[in-house]
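Below is one structure, written out as structure tokens, with a few remarks after it.
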Amino acid sequence: MTEPAIATRPSFNFGEFLKKYSIVLILIAFVILISIITSGRFLQTQNLLNVVVQVAPIGIIGLGMMAAIITKGIDLSVGSTVALCAIVSASLAQVPGPNAFFPNLPSLPVALAVVVGLAMGTLVGSVVGGLIAVFRIPPFVATLGMMTAARGFANIYNDGRPISNTAPRFNELGEGIMPIILLAVVAVIMWFVLNRTRFGRHVYAIGGNEMAAKVSGISVPKTQFKIYALIGLLAGLAGVILTARTGSGSPTLGNMLELDVITATVIGGTSFNGGIGTVWGVLVGTLIIGVINNGLSLMNVSAFWQMVVKGAIIVIAIIIDERKNR
């Protein structure tokens with residue numbers, strides 16, 4: 001008579017734990033280090049809230065950028081798209097009374113200004129997606145061209161001048177914790193889309209092996225088109241939030257924002273080799289960018305040096321990613 005097998009607990013694998021949660025440990029390390037250097041000023045409740053509010057637009061766009069990088073693409077036009085959507089929505093979200101930008105128009109609902117801003121972003125993303133899907137232009141080239149064109153249109157729209165005097169109801173979208181709520185909603189939706197829908201499965205399949213995805217019947221061009229239209233939509237939302245927070249739409253808004261978005265996405269674990277990326281990783285990566293930006297500002301570090309630091313972080317993250325994939 002054989003003795004019943006005794007169930008054994010799986011042993012704790014520190015290496016796997018470190019590989020999976022290293023980004024969280026890095027975030028905690030940054031928080032501790034900056035808190036010590038700034039003598040606790042960083043950990044003040046209002047400052048922590050400001051950190052998350054400031055990076056909410058970065059995280060929102062980063063959740064779309066993740067899908068592009070998973071499929072071995074990229075979108076360099078998001079900063080310019082933000083500016084175009086911001087100045088268009090600001091021109092429609094004027095205070096009640098005669099519209100300062102369109103004198104012949106009556107006061108318009110705030111919701112219309114938001115919808116138009118989102119639609120403009122989706123349009124820009126759809127044009128980029130069409131260039132990539134239909135004309136097979138590499139994402140880097142297509143989005144580089146749109147980066148210049150969208151910024152140009154933003155300047156043409158009001159001769160390079162900002163549009164202010166936005167309605168108080170519109171400005172509420174950028175006040176308090178509203179940006180954080182919008183980021184949370186977008187994160188939940190993106191998690192569901194990427195993990196529970198056919199589109200999400202197609203995104204990971206294309207990133208893992210594009211040829212195998214084609215053979216299995218996945219329409220790569222159609223999926224790419226949807227990805228870049230989605231990024232445009234999220235950039236439009238970020239543009240609305242930034243406009244509402246500042247009470248002004250400017251053609252210079254979002255300048256170099258793509259650097260922060262790509263940095264947050266890559267250090268969050270999304271691989272340039274394709275097929276790898278998570279929503280929670282992008283959120284943690286976004287918080288790291290916020291902690292670094294805020295910490296360096298509290299330490300009175302020049303904005304130029306902040307750009308150097310973020311550029312170095314991108315390079316280090318890519319080196320780590322390459323070594324891990326080997």
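Lettering and numbering for the structure tokens are positional, with chains as A, B, ... in the shown order, residues counted from 1 in each chain, and ligands counted from 1 in the shown order.
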Could you give me, as a PyMOL selection string, the residues within 6 Å of segment 64-68 of chain A, counting only C-alpha atoms and dropping anything in the same chain fewer than 5 positions from it? chain A and resi 73-74+231
Create the file for the chosen residues now, containing all heavy atoms and written as a tab-separated table (two decimals), in the first residue's frame.
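Okay, part_6.tsv is ready:
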chain	number	residue	atom	x	y	z
A	73	GLY	N	6.18	49.46	-32.88
A	73	GLY	CA	6.02	50.77	-33.47
A	73	GLY	C	6.32	51.86	-32.45
A	73	GLY	O	6.85	51.58	-31.37
A	74	ILE	N	5.98	53.08	-32.79
A	74	ILE	CA	6.19	54.22	-31.90
A	74	ILE	C	5.39	55.39	-32.44
A	74	ILE	O	5.06	55.42	-33.64
A	74	ILE	CB	7.68	54.59	-31.78
A	74	ILE	CG1	7.95	55.43	-30.54
A	74	ILE	CG2	8.17	55.30	-33.04
A	74	ILE	CD1	9.42	55.56	-30.19
A	231	ILE	N	-4.26	56.04	-29.95
A	231	ILE	CA	-3.27	56.96	-29.37
A	231	ILE	C	-3.70	58.40	-29.60
A	231	ILE	O	-3.59	59.25	-28.71
A	231	ILE	CB	-1.87	56.71	-29.99
A	231	ILE	CG1	-1.37	55.31	-29.63
A	231	ILE	CG2	-0.87	57.76	-29.49
A	231	ILE	CD1	-0.07	54.95	-30.31
Give me, as a compact mmCIF listing (two decimals) with all heavy atoms, in the first residue's frame, all polymer residues having an atom no more than 9 Å from Asn293 of chain A, counting only C-alpha atoms and skipping those fewer than 2 positions away in the same chain.
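See result.txt below for the written result:
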# COMPACT_ATOMS: atom_id res chain seq x y z
N VAL A 51 2.04 65.43 -7.76
CA VAL A 51 2.85 64.54 -8.61
C VAL A 51 1.95 63.72 -9.52
O VAL A 51 2.17 63.65 -10.74
CB VAL A 51 3.72 63.61 -7.74
CG1 VAL A 51 4.34 62.50 -8.61
CG2 VAL A 51 4.82 64.39 -7.06
N ILE A 288 7.16 57.02 -11.72
CA ILE A 288 8.61 57.23 -11.59
C ILE A 288 9.00 58.54 -12.27
O ILE A 288 9.78 59.33 -11.72
CB ILE A 288 9.38 56.04 -12.19
CG1 ILE A 288 9.23 54.81 -11.29
CG2 ILE A 288 10.86 56.39 -12.36
CD1 ILE A 288 9.90 53.57 -11.84
N ILE A 289 8.44 58.79 -13.46
CA ILE A 289 8.72 60.05 -14.15
C ILE A 289 8.25 61.23 -13.30
O ILE A 289 8.94 62.25 -13.16
CB ILE A 289 8.02 60.08 -15.53
CG1 ILE A 289 8.69 59.08 -16.47
CG2 ILE A 289 8.08 61.48 -16.13
CD1 ILE A 289 10.14 59.37 -16.75
N GLY A 290 7.05 61.10 -12.71
CA GLY A 290 6.54 62.17 -11.86
C GLY A 290 7.41 62.41 -10.65
O GLY A 290 7.67 63.57 -10.27
N VAL A 291 7.86 61.33 -10.01
CA VAL A 291 8.71 61.45 -8.83
C VAL A 291 10.04 62.12 -9.20
O VAL A 291 10.53 63.01 -8.48
CB VAL A 291 8.96 60.06 -8.21
CG1 VAL A 291 10.07 60.12 -7.16
CG2 VAL A 291 7.68 59.52 -7.59
N GLY A 295 10.98 65.65 -7.81
CA GLY A 295 12.15 65.64 -6.93
C GLY A 295 13.24 66.57 -7.41
O GLY A 295 13.83 67.32 -6.63
N LEU A 296 13.52 66.54 -8.72
CA LEU A 296 14.56 67.41 -9.27
C LEU A 296 14.16 68.88 -9.15
O LEU A 296 15.01 69.75 -8.93
CB LEU A 296 14.83 67.05 -10.73
CG LEU A 296 15.47 65.67 -10.97
CD1 LEU A 296 15.60 65.41 -12.46
CD2 LEU A 296 16.83 65.57 -10.29
N SER A 297 12.85 69.16 -9.30
CA SER A 297 12.38 70.54 -9.15
C SER A 297 12.55 71.00 -7.70
O SER A 297 12.96 72.14 -7.44
CB SER A 297 10.92 70.65 -9.57
OG SER A 297 10.77 70.36 -10.95
N LEU A 298 12.21 70.12 -6.75
CA LEU A 298 12.38 70.48 -5.33
C LEU A 298 13.84 70.72 -4.98
O LEU A 298 14.15 71.50 -4.09
CB LEU A 298 11.80 69.38 -4.44
CG LEU A 298 10.28 69.23 -4.40
CD1 LEU A 298 9.87 68.02 -3.56
CD2 LEU A 298 9.62 70.49 -3.86
N ALA A 303 15.92 72.64 -15.62
CA ALA A 303 15.06 71.86 -16.52
C ALA A 303 15.88 71.19 -17.62
O ALA A 303 15.52 70.11 -18.10
CB ALA A 303 14.00 72.77 -17.15
N GLN A 306 17.23 68.09 -16.23
CA GLN A 306 16.15 67.11 -16.12
C GLN A 306 15.97 66.35 -17.43
O GLN A 306 15.72 65.15 -17.43
CB GLN A 306 14.84 67.81 -15.72
CG GLN A 306 14.85 68.39 -14.31
CD GLN A 306 13.53 68.99 -13.92
OE1 GLN A 306 12.47 68.53 -14.34
NE2 GLN A 306 13.56 70.04 -13.10
N LYS A 310 16.34 62.26 -17.96
CA LYS A 310 15.31 61.41 -18.56
C LYS A 310 15.84 60.70 -19.81
O LYS A 310 15.49 59.54 -20.07
CB LYS A 310 14.06 62.24 -18.89
CG LYS A 310 13.23 62.56 -17.65
CD LYS A 310 12.00 63.35 -17.97
CE LYS A 310 12.30 64.80 -18.16
NZ LYS A 310 11.09 65.64 -18.23
For segment 129-131 of chain A: contacts at 12 Å, only C-alpha atoms, fewer than 3 positions along chain excluded, given as a count of residues only: 36
Per residue of segment 248-324 of chain A within 7 Å of segment 191-215 of chain A, what are the shortest atom pair and its distance in Å to one decimal, counting only C-alpha atoms, with rows by chain and residue number, as a tab-separated table?
residue	atom	partner	partner_atom	distance
A:Gly274	CA	A:Gly207	CA	4.3
A:Gly275	CA	A:Gly207	CA	4.0
A:Val279	CA	A:Trp191	CA	6.0
Preceding selection exported with N, CA and C atoms as a short mmCIF file (atom, residue, chain, number, x, y, z; two decimals), in the first residue's frame:
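In the end it all went to result-v2.cif:
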data_model
loop_
_atom_site.label_atom_id
_atom_site.label_comp_id
_atom_site.auth_asym_id
_atom_site.auth_seq_id
_atom_site.Cartn_x
_atom_site.Cartn_y
_atom_site.Cartn_z
N GLY A 274 9.01 44.11 -28.81
CA GLY A 274 7.64 43.72 -29.13
C GLY A 274 7.10 42.61 -28.25
N GLY A 275 5.77 42.59 -28.14
CA GLY A 275 5.08 41.49 -27.48
C GLY A 275 4.98 41.59 -25.97
N VAL A 279 -0.39 47.26 -18.38
CA VAL A 279 -0.98 48.53 -17.94
C VAL A 279 -0.37 48.98 -16.63
#
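Here the question is which of A:Ile36, A:Ala86, A:Met147, A:Ile320 gets nearest to Glu258 of chain A using only C-alpha atoms, and that residue is A:Met147.
Using only C-alpha atoms, the protein and nucleic acid residues lying no more than 10 Å from Ile313 of chain A, apart from those fewer than 5 places from it along its own chain, are A:Thr263, A:Ala264, A:Val266, A:Ile267, A:Ile289, A:Met307, A:Val308, A:Ile318, A:Ile319.
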Which polymer residues have any atom within 10 Å of an atom of Ile34 of chain A, counting only C-alpha atoms, with same-chain residues fewer than 3 positions away left out, as an mmCIF file with N, CA and C atoms, in the first residue's frame?
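Contents of the output file result-v2.cif:
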data_model
loop_
_atom_site.group_PDB
_atom_site.id
_atom_site.type_symbol
_atom_site.label_atom_id
_atom_site.label_comp_id
_atom_site.auth_asym_id
_atom_site.auth_seq_id
_atom_site.Cartn_x
_atom_site.Cartn_y
_atom_site.Cartn_z
ATOM 1 N N ALA A 29 12.444 53.039 -4.104
ATOM 2 C CA ALA A 29 13.799 53.535 -3.840
ATOM 3 C C ALA A 29 13.913 55.018 -4.181
ATOM 4 N N PHE A 30 13.321 55.422 -5.326
ATOM 5 C CA PHE A 30 13.346 56.832 -5.715
ATOM 6 C C PHE A 30 12.623 57.695 -4.680
ATOM 7 N N VAL A 31 11.462 57.218 -4.222
ATOM 8 C CA VAL A 31 10.669 57.967 -3.244
ATOM 9 C C VAL A 31 11.473 58.170 -1.962
ATOM 10 N N ILE A 37 16.636 63.498 0.584
ATOM 11 C CA ILE A 37 17.369 64.662 0.066
ATOM 12 C C ILE A 37 16.586 65.956 0.290
ATOM 13 N N THR A 38 15.249 65.885 0.147
ATOM 14 C CA THR A 38 14.422 67.096 0.291
ATOM 15 C C THR A 38 13.918 67.295 1.717
ATOM 16 N N SER A 39 14.468 66.548 2.653
ATOM 17 C CA SER A 39 14.110 66.687 4.080
ATOM 18 C C SER A 39 12.616 66.504 4.324
ATOM 19 N N GLY A 40 12.012 65.565 3.616
ATOM 20 C CA GLY A 40 10.620 65.234 3.852
ATOM 21 C C GLY A 40 9.614 66.081 3.099
ATOM 22 N N ARG A 41 10.057 67.126 2.399
ATOM 23 C CA ARG A 41 9.105 67.973 1.672
ATOM 24 C C ARG A 41 8.366 67.199 0.602
ATOM 25 N N PHE A 42 9.049 66.220 0.018
ATOM 26 C CA PHE A 42 8.433 65.437 -1.061
ATOM 27 C C PHE A 42 7.218 64.662 -0.574
ATOM 28 N N LEU A 43 7.251 64.188 0.679
ATOM 29 C CA LEU A 43 6.190 63.328 1.196
ATOM 30 C C LEU A 43 4.975 64.093 1.713
ATOM 31 N N VAL A 291 7.855 61.330 -10.014
ATOM 32 C CA VAL A 291 8.714 61.447 -8.827
ATOM 33 C C VAL A 291 10.037 62.119 -9.196
ATOM 34 N N ILE A 292 10.623 61.710 -10.325
ATOM 35 C CA ILE A 292 11.896 62.296 -10.752
ATOM 36 C C ILE A 292 11.729 63.779 -11.074
ATOM 37 N N ASN A 294 9.399 65.907 -10.089
ATOM 38 C CA ASN A 294 9.083 66.676 -8.892
ATOM 39 C C ASN A 294 10.291 66.775 -7.967
ATOM 40 N N GLY A 295 10.982 65.654 -7.810
ATOM 41 C CA GLY A 295 12.149 65.637 -6.929
ATOM 42 C C GLY A 295 13.244 66.569 -7.411
ATOM 43 N N LEU A 296 13.517 66.544 -8.719
ATOM 44 C CA LEU A 296 14.557 67.414 -9.268
ATOM 45 C C LEU A 296 14.157 68.884 -9.148
ATOM 46 N N LEU A 298 12.209 70.125 -6.746
ATOM 47 C CA LEU A 298 12.375 70.480 -5.330
ATOM 48 C C LEU A 298 13.843 70.724 -4.983
ATOM 49 N N MET A 299 14.724 70.043 -5.722
ATOM 50 C CA MET A 299 16.160 70.222 -5.488
ATOM 51 C C MET A 299 16.745 71.351 -6.335
#
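For the residues A:Phe17, A:Leu48, A:Leu63, A:Thr71, ranking by smallest atom-to-atom distance to Asn273 of chain A using only C-alpha atoms places A:Thr71 first.
If you measure from each of A:Ile69, A:Val115, A:Val261, A:Val309 to Gly277 of chain A using only C-alpha atoms, the closest one turns out to be A:Ile69.
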Choose the residue, out of A:Ala133, A:Leu234, A:Cys85, A:Val52, that has the smallest atom-to-atom separation from Met120 of chain A; count only C-alpha atoms. A:Cys85
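When only C-alpha atoms are used to compute distances to Val284 of chain A, the closest of the residues A:Ala113, A:Ala238, A:Ala187, A:Val127 turns out to be A:Ala187.
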Just how far from atom CA of Phe272 of chain A is atom CA of Ile70 of chain A, in Å to one decimal? 6.9 Å
